[in-house]
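Have a look at final_34.txt; it's compact mmCIF, C-alpha atoms:
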```txt
# COMPACT_ATOMS: atom_id res chain seq x y z
CA MET A 262 10.79 -9.17 11.91
CA PRO A 263 7.29 -7.87 11.06
CA ARG A 264 6.03 -8.91 7.63
CA HIS A 265 4.23 -6.27 5.60
CA LEU A 266 2.34 -6.13 2.31
CA VAL A 267 1.64 -3.20 0.00
CA TYR A 268 -0.94 -3.53 -2.73
CA THR A 269 -1.93 -1.17 -5.51
CA LEU A 270 -4.49 -1.08 -8.28
CA ALA A 271 -3.92 -0.08 -11.91
CA LEU A 272 -6.98 -0.26 -14.15
CA ASP A 273 -6.98 1.41 -17.54
CA PRO A 274 -9.81 1.87 -20.03
CA ALA A 275 -9.34 0.05 -23.34
CA GLY A 276 -6.30 1.28 -25.24
CA ALA A 277 -4.81 3.29 -22.34
CA THR A 278 -1.64 2.51 -20.38
CA GLU A 279 -1.22 5.43 -17.97
CA HIS A 280 -2.17 3.60 -14.76
CA ARG A 281 -0.12 0.56 -15.74
CA ASN A 282 2.95 2.78 -16.20
CA MET A 283 2.34 4.64 -12.95
CA ALA A 284 2.01 1.33 -11.09
CA LYS A 285 5.35 0.21 -12.54
CA LEU A 286 6.99 3.39 -11.25
CA LEU A 287 5.41 2.86 -7.83
CA VAL A 288 6.54 -0.76 -7.54
CA SER A 289 10.03 0.06 -8.74
CA SER A 290 10.25 2.88 -6.21
CA LEU A 291 9.16 0.56 -3.39
CA LEU A 292 11.89 -1.90 -4.29
CA ARG A 293 14.55 0.78 -4.65
CA SER A 294 13.56 2.35 -1.32
CA GLY A 295 14.41 -0.88 0.47
CA PHE A 296 10.87 -1.97 1.39
CA SER A 297 11.22 -5.29 3.19
CA GLY A 298 7.79 -6.76 2.50
CA ASP A 299 5.74 -8.10 -0.38
CA VAL A 300 4.05 -6.13 -3.14
CA VAL A 301 0.90 -7.08 -5.05
CA VAL A 302 -0.20 -5.22 -8.19
CA PHE A 303 -3.71 -5.69 -9.51
CA HIS A 304 -4.02 -4.59 -13.14
CA ASN A 305 -6.02 -5.27 -16.29
CA SER A 306 -3.14 -4.99 -18.74
CA PRO A 307 -2.79 -8.01 -21.07
CA TYR A 308 0.96 -7.87 -20.47
CA PRO A 309 3.01 -8.09 -17.27
CA LEU A 310 4.40 -4.86 -15.84
CA PHE A 311 7.85 -6.41 -15.53
CA MET A 312 9.16 -8.70 -18.26
CA VAL A 313 11.73 -9.94 -15.73
CA PRO A 314 9.85 -10.92 -12.54
CA ARG A 315 10.87 -9.15 -9.33
CA ALA A 316 11.31 -11.04 -6.09
CA CYS A 317 8.47 -10.43 -3.62
CA VAL A 318 6.31 -8.81 -6.34
CA ARG A 319 3.14 -10.54 -7.50
CA GLU A 320 1.06 -9.32 -10.43
CA ILE A 321 -2.61 -10.29 -10.57
CA GLN A 322 -4.55 -9.63 -13.74
CA ILE A 323 -8.21 -8.82 -13.16
CA GLN A 324 -11.06 -8.25 -15.56
CA ALA A 325 -12.74 -4.85 -15.48
CA THR A 326 -16.13 -6.18 -16.52
CA ASN A 327 -19.10 -3.88 -17.13
CA ALA A 328 -16.75 -0.91 -17.22
CA PRO A 329 -18.23 2.35 -18.54
CA ASP A 330 -16.87 3.82 -21.76
CA CYS A 331 -16.47 7.35 -20.41
CA ASP A 332 -12.99 7.98 -18.97
CA HIS A 333 -14.39 10.06 -16.11
CA SER A 334 -16.90 7.36 -15.15
CA PHE A 335 -14.23 4.67 -15.51
CA GLN A 336 -12.16 6.45 -12.87
CA PHE A 337 -14.92 6.12 -10.26
CA TYR A 338 -15.63 2.55 -11.37
CA ALA A 339 -11.96 1.61 -10.95
CA GLN A 340 -11.62 3.23 -7.51
CA SER A 341 -14.23 0.90 -6.02
CA PHE A 342 -12.02 -2.11 -6.73
CA LYS A 343 -9.85 -1.08 -3.75
CA HIS A 344 -12.17 -2.89 -1.35
CA SER A 345 -13.14 -5.78 -3.63
CA LEU A 346 -9.88 -7.72 -3.89
CA ASP A 347 -9.78 -9.52 -0.54
CA LYS A 348 -10.16 -12.98 -2.08
CA HIS A 349 -6.70 -12.61 -3.64
CA ILE A 350 -4.72 -11.95 -0.46
CA ASN A 351 -4.24 -14.06 2.65
CA PRO A 352 -3.80 -11.59 5.52
CA ALA A 353 -2.59 -14.35 7.85
CA ASN A 354 0.83 -14.04 6.24
CA TYR A 355 1.32 -10.42 7.36
CA ASP A 356 1.39 -8.00 10.27
CA LYS A 357 0.27 -4.87 8.38
CA ILE A 358 -1.29 -4.39 4.94
CA ALA A 359 -1.04 -1.02 3.19
CA PHE A 360 -2.69 0.37 0.11
CA ILE A 361 -1.03 3.03 -2.05
CA ASP A 362 -2.72 4.52 -5.10
CA CYS A 363 -0.73 3.84 -8.24
CA ASP A 364 -0.28 7.59 -8.86
CA ALA A 365 2.42 7.72 -6.20
CA VAL A 366 6.08 6.94 -5.68
CA VAL A 367 7.93 5.97 -2.51
CA ILE A 368 11.20 7.80 -1.96
CA LYS A 369 12.11 6.80 1.62
CA PRO A 370 11.83 3.45 3.46
CA LEU A 371 8.17 2.68 4.10
CA ASP A 372 8.62 0.23 6.98
CA PRO A 373 8.78 2.93 9.72
CA LEU A 374 5.29 4.15 8.71
CA LEU A 375 3.97 0.62 9.23
CA SER A 376 5.45 0.13 12.68
CA GLY A 377 3.53 0.67 15.89
CA ASP A 378 0.59 -0.75 17.81
CA TRP A 379 -2.46 0.45 15.90
CA ASP A 380 -5.36 -0.96 13.92
CA LEU A 381 -5.62 1.63 11.16
CA ALA A 382 -3.30 4.39 9.94
CA VAL A 383 -4.72 7.09 7.70
CA LEU A 384 -3.77 10.40 6.10
CA PRO A 385 -5.82 13.56 6.73
CA GLU A 386 -5.81 16.11 3.90
CA ALA A 387 -4.82 19.51 5.29
CA TRP A 388 -7.18 22.42 4.66
CA THR A 389 -10.12 20.19 3.80
CA HIS A 390 -13.40 19.58 5.61
CA ILE A 391 -14.95 16.16 5.98
CA GLN A 392 -18.34 17.63 5.06
CA SER A 393 -17.13 18.08 1.45
CA GLY A 394 -18.57 15.75 -1.17
CA TYR A 395 -15.09 14.35 -1.63
CA PHE A 396 -15.25 12.87 1.89
CA GLY A 397 -18.64 13.23 3.54
CA CYS A 398 -21.38 11.61 1.47
CA TYR A 399 -22.05 9.04 4.23
CA LEU A 400 -22.10 11.40 7.22
CA THR A 401 -25.14 11.70 9.43
CA GLN A 402 -26.96 15.01 9.63
CA ARG A 403 -25.53 15.63 13.09
CA GLU A 404 -21.99 14.92 11.87
CA ARG A 405 -22.44 17.33 9.00
CA GLU A 406 -23.43 20.03 11.48
CA THR A 407 -20.88 19.39 14.23
CA LEU A 408 -17.75 17.58 13.01
CA GLN A 409 -14.62 19.67 12.84
CA MET A 410 -11.95 17.60 11.12
CA GLU A 411 -10.17 17.17 7.82
CA GLY A 412 -11.23 14.68 5.20
CA ILE A 413 -9.27 11.42 5.03
CA ASN A 414 -7.54 10.46 1.79
CA SER A 415 -8.40 6.89 0.75
CA GLY A 416 -5.34 6.58 -1.50
CA THR A 417 -2.76 5.89 1.23
CA TRP A 418 -3.55 3.92 4.37
CA ALA A 419 -2.53 0.82 6.31
CA VAL A 420 -4.38 -1.65 8.51
CA ARG A 421 -3.48 -4.38 10.97
CA ALA A 422 -3.56 -7.49 8.80
CA SER A 423 -5.80 -9.39 11.21
CA ARG A 424 -8.49 -6.75 10.54
CA TRP A 425 -7.98 -6.28 6.81
CA CYS A 426 -10.91 -8.50 5.77
CA GLU A 427 -13.16 -6.66 8.22
CA LEU A 428 -12.08 -3.34 6.72
CA MET A 429 -12.71 -4.54 3.17
CA GLN A 430 -16.15 -5.96 3.95
CA THR A 431 -17.30 -2.92 5.91
CA TRP A 432 -16.02 -0.44 3.32
CA ARG A 433 -17.68 -2.41 0.52
CA ALA A 434 -20.97 -2.65 2.39
CA ILE A 435 -21.09 1.09 3.07
CA GLU A 436 -20.43 2.07 -0.53
CA SER A 437 -23.09 -0.37 -1.75
CA GLU A 438 -25.74 1.69 0.06
CA PRO A 439 -27.18 4.94 -1.33
CA ALA A 440 -25.27 7.93 0.03
CA PRO A 441 -27.42 10.23 2.20
CA PHE A 442 -25.73 13.37 0.89
CA ARG A 443 -24.90 14.12 -2.75
CA GLU A 444 -23.70 17.68 -3.19
CA GLY A 445 -21.23 18.97 -5.77
CA ASN A 446 -18.42 16.61 -6.71
CA CYS A 447 -18.97 13.32 -4.91
CA LEU A 448 -16.40 10.59 -4.33
CA PHE A 449 -18.44 7.72 -2.94
CA GLU A 450 -15.53 5.29 -2.49
CA GLN A 451 -13.53 7.84 -0.50
CA SER A 452 -16.61 9.00 1.41
CA ALA A 453 -17.34 5.38 2.38
CA PHE A 454 -13.75 5.07 3.63
CA ASN A 455 -14.24 8.19 5.77
CA ARG A 456 -17.35 6.57 7.24
CA VAL A 457 -15.29 3.51 8.15
CA VAL A 458 -12.59 5.67 9.76
CA LEU A 459 -15.14 7.57 11.88
CA ASP A 460 -16.72 4.33 13.08
CA TRP A 461 -13.37 2.69 13.84
CA CYS A 462 -12.24 5.74 15.83
CA ARG A 463 -14.90 4.84 18.40
CA THR A 464 -13.80 1.24 18.94
CA SER A 465 -10.27 0.81 17.56
CA LYS A 466 -6.86 2.41 17.62
CA VAL A 467 -6.69 4.75 14.64
CA VAL A 468 -3.62 6.92 14.06
CA LYS A 469 -3.00 9.70 11.58
CA TRP A 470 0.22 9.75 9.60
CA PRO A 471 2.09 13.06 9.93
CA LEU A 472 1.45 15.33 6.95
CA HIS A 473 5.16 15.54 6.16
CA GLU A 474 5.31 11.77 5.54
CA VAL A 475 2.87 11.70 2.61
CA ALA A 476 3.16 14.63 0.24
CA LEU A 477 0.14 15.72 -1.81
CA PRO A 478 1.71 18.37 -4.06
CA PHE A 479 -1.50 19.06 -6.00
CA CYS A 480 -3.79 19.37 -2.97
CA PRO A 481 -4.16 22.44 -0.74
CA GLY A 482 -1.66 22.33 2.11
CA GLY A 483 -0.06 19.18 0.71
CA LEU A 484 3.70 19.96 0.67
CA SER A 485 3.99 21.69 -2.68
CA PHE A 486 7.66 22.75 -2.53
CA PHE A 487 10.41 20.55 -3.93
CA GLY A 488 12.44 20.52 -0.72
CA GLN A 489 9.36 19.48 1.24
CA TYR A 490 7.99 16.66 -0.85
CA MET A 491 11.42 15.21 -1.61
CA ASN A 492 11.84 14.70 2.15
CA SER A 493 8.57 12.81 2.50
CA THR A 494 8.14 9.04 2.37
CA ILE A 495 5.40 8.93 -0.25
CA VAL A 496 4.65 11.47 -2.99
CA HIS A 497 1.03 11.07 -4.10
CA VAL A 498 -0.18 13.21 -7.00
CA ALA A 499 -3.90 13.09 -6.25
CA GLY A 500 -5.73 15.96 -7.89
CA ALA A 501 -3.58 16.25 -11.03
CA GLY A 502 -4.58 15.32 -14.57
CA LEU A 503 -3.13 12.18 -16.14
CA PRO A 504 -0.47 13.81 -18.37
CA VAL A 505 0.78 15.91 -15.46
CA LYS A 506 0.73 12.88 -13.13
CA MET A 507 3.04 10.94 -15.43
CA GLN A 508 5.50 13.80 -15.91
CA PHE A 509 5.57 14.71 -12.24
CA LEU A 510 5.93 11.16 -10.95
CA PHE A 511 8.75 10.40 -13.36
CA SER A 512 10.55 13.58 -12.34
CA VAL A 513 10.29 12.65 -8.64
CA TYR A 514 11.38 9.06 -9.35
CA ALA A 515 14.34 10.26 -11.43
CA ALA A 516 15.38 12.78 -8.78
CA ALA A 517 15.21 10.13 -6.05
CA TYR A 518 16.77 7.16 -7.84
CA LEU A 519 18.51 8.15 -11.09
CA HIS A 520 20.29 11.33 -10.03
CA ASP A 521 23.87 11.65 -8.84
CA ARG A 522 26.18 14.64 -8.55
CA GLN A 523 28.04 13.67 -11.71
CA LEU A 524 24.80 13.27 -13.72
CA THR A 525 26.07 9.88 -14.88
CA LEU A 526 22.88 8.71 -16.58
CA PHE A 527 22.44 12.05 -18.35
CA ASN A 528 25.99 11.94 -19.63
CA ILE A 529 25.55 8.37 -20.88
CA LEU A 530 22.42 9.39 -22.79
CA GLU A 531 24.06 12.56 -24.11
CA MET A 532 27.40 11.12 -25.25
```
Whole structure, structure tokens version:
Amino acid sequence: MPRHLVYTLALDPAGATEHRNMAKLLVSSLLRSGFSGDVVVFHNSPYPLFMVPRACVREIQIQATNAPDCDHSFQFYAQSFKHSLDKHINPANYDKIAFIDCDAVVIKPLDPLLSGDWDLAVLPEAWTHIQSGYFGCYLTQRERETLQMEGINSGTWAVRASRWCELMQTWRAIESEPAPFREGNCLFEQSAFNRVVLDWCRTSKVVKWPLHEVALPFCPGGLSFFGQYMNSTIVHVAGAGLPVKMQFLFSVYAAAYLHDRQLTLFNILEM
């Protein structure tokens, strides 16, 4: 049987717990969905996410040193940790390694999305353009003028494990360089990932996950109706504010894993 790993990242500024709590929902949803592989959670909480350890789940506490005080700046600072954690994982133990942003829950088995003969699997965002500052800060001038494709979301992807270190090193190297284009709202970590994807498309087997498999309810064209996103594999609430993220993710988690036709849990709570 193939062996897979999912990792996520949950960094909070001092005194906050939102990303820690979202990561706990994500990990719990992975386990409840029947995911057959291992899960690694990187967080900066002083306390473990689970007081009772879960089998196949490893928590790694990291220090967010030199973090900015501003919440908005902290968000961008935290995102760049995605490609800076390779020393903590041995890819030789796995066939595929996937990353899922902590503001997501898994509501169907993930293993089918990780099957297949490919090097990198990514998610295009419908109704976007790669030239946007959210995706295209590292494009060449010619690419900005000629490319006709969506931007790629860097919050859900998977890579052949034998090439994971290469992906991390290349992604990190690109983001460390000044971006040629800085217009409007810029996401340098995600733009660097789009640069990697474009370069890999020339030399490697890159596949795009079907849009119905990863719902983005708060993004244009991202499966915004209940019946749509509840039939997806991953629900990722990119684009929403933190209070809304928490409420929405809990509602999806509860609908997927705590609901039954008799409303048993509700009736226990409302005796």
- Message: Env of A:Thr278: 10 Å cut, atoms = all atoms listed in the file, seq-sep filter 6 positions within chain, self excluded. Answer as JSON, numbers by chain.
- Response: {"A": [271, 272, 305, 306]}
Set out as CSV a contact list for stretch 379-489 of chain A and stretch 351-374 of chain A with a cut-off of 6 Å, giving each residue of stretch 379-489 of chain A that qualifies its closest atom pair and distance in Å to one decimal, counting all atoms listed in the file, ordered by chain and rising residue number.
```
residue,atom,partner,partner_atom,distance
A:Gly416,CA,A:Asp362,CA,4.9
A:Thr417,CA,A:Ile361,CA,4.7
A:Trp418,CA,A:Phe360,CA,5.6
A:Ala419,CA,A:Ala359,CA,3.9
A:Val420,CA,A:Ile358,CA,5.5
A:Arg421,CA,A:Lys357,CA,4.6
A:Ala422,CA,A:Lys357,CA,4.7
```
message = Neighbouring residues of stretch 510-517 of chain A were defined as those with any atom within 12 Å, considering only C-alpha atoms; residues of the same chain fewer than 6 positions away were excluded. Please report them as a PyMOL selection string.
response = chain A and resi 279-280+282-291+293-294+363-369+476-479+487-488+490-499+501-504+524+526-527
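Atom CA of A:Val383 sits 5.0 Å away from atom CA of A:Lys469.
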task: Can you pull out every residue within 10 Å of stretch 314-324 of chain A, counting all atoms listed in the file, but drop anything in the same chain fewer than 2 positions away, and send it as a ChimeraX atom specification?
output: /A:266-272,288-289,292,297-312,326-328,346,349
Taking C-alpha atoms for each residue, export the selection above as a compact mmCIF listing (two decimals), in the frame of the given file.
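Saved file selection.txt follows:
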```txt
# COMPACT_ATOMS: atom_id res chain seq x y z
CA LEU A 266 2.34 -6.13 2.31
CA VAL A 267 1.64 -3.20 0.00
CA TYR A 268 -0.94 -3.53 -2.73
CA THR A 269 -1.93 -1.17 -5.51
CA LEU A 270 -4.49 -1.08 -8.28
CA ALA A 271 -3.92 -0.08 -11.91
CA LEU A 272 -6.98 -0.26 -14.15
CA VAL A 288 6.54 -0.76 -7.54
CA SER A 289 10.03 0.06 -8.74
CA LEU A 292 11.89 -1.90 -4.29
CA SER A 297 11.22 -5.29 3.19
CA GLY A 298 7.79 -6.76 2.50
CA ASP A 299 5.74 -8.10 -0.38
CA VAL A 300 4.05 -6.13 -3.14
CA VAL A 301 0.90 -7.08 -5.05
CA VAL A 302 -0.20 -5.22 -8.19
CA PHE A 303 -3.71 -5.69 -9.51
CA HIS A 304 -4.02 -4.59 -13.14
CA ASN A 305 -6.02 -5.27 -16.29
CA SER A 306 -3.14 -4.99 -18.74
CA PRO A 307 -2.79 -8.01 -21.07
CA TYR A 308 0.96 -7.87 -20.47
CA PRO A 309 3.01 -8.09 -17.27
CA LEU A 310 4.40 -4.86 -15.84
CA PHE A 311 7.85 -6.41 -15.53
CA MET A 312 9.16 -8.70 -18.26
CA THR A 326 -16.13 -6.18 -16.52
CA ASN A 327 -19.10 -3.88 -17.13
CA ALA A 328 -16.75 -0.91 -17.22
CA LEU A 346 -9.88 -7.72 -3.89
CA HIS A 349 -6.70 -12.61 -3.64
```
field: Interatomic distance, atom CA of A:Tyr399 to atom CA of A:Ala453 (Å, one decimal)
entry: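 These two atoms are separated by 6.2 Å.
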Expressed in Å, the length from atom CA of A:Leu484 to atom CA of A:Gly412 is 16.5 Å
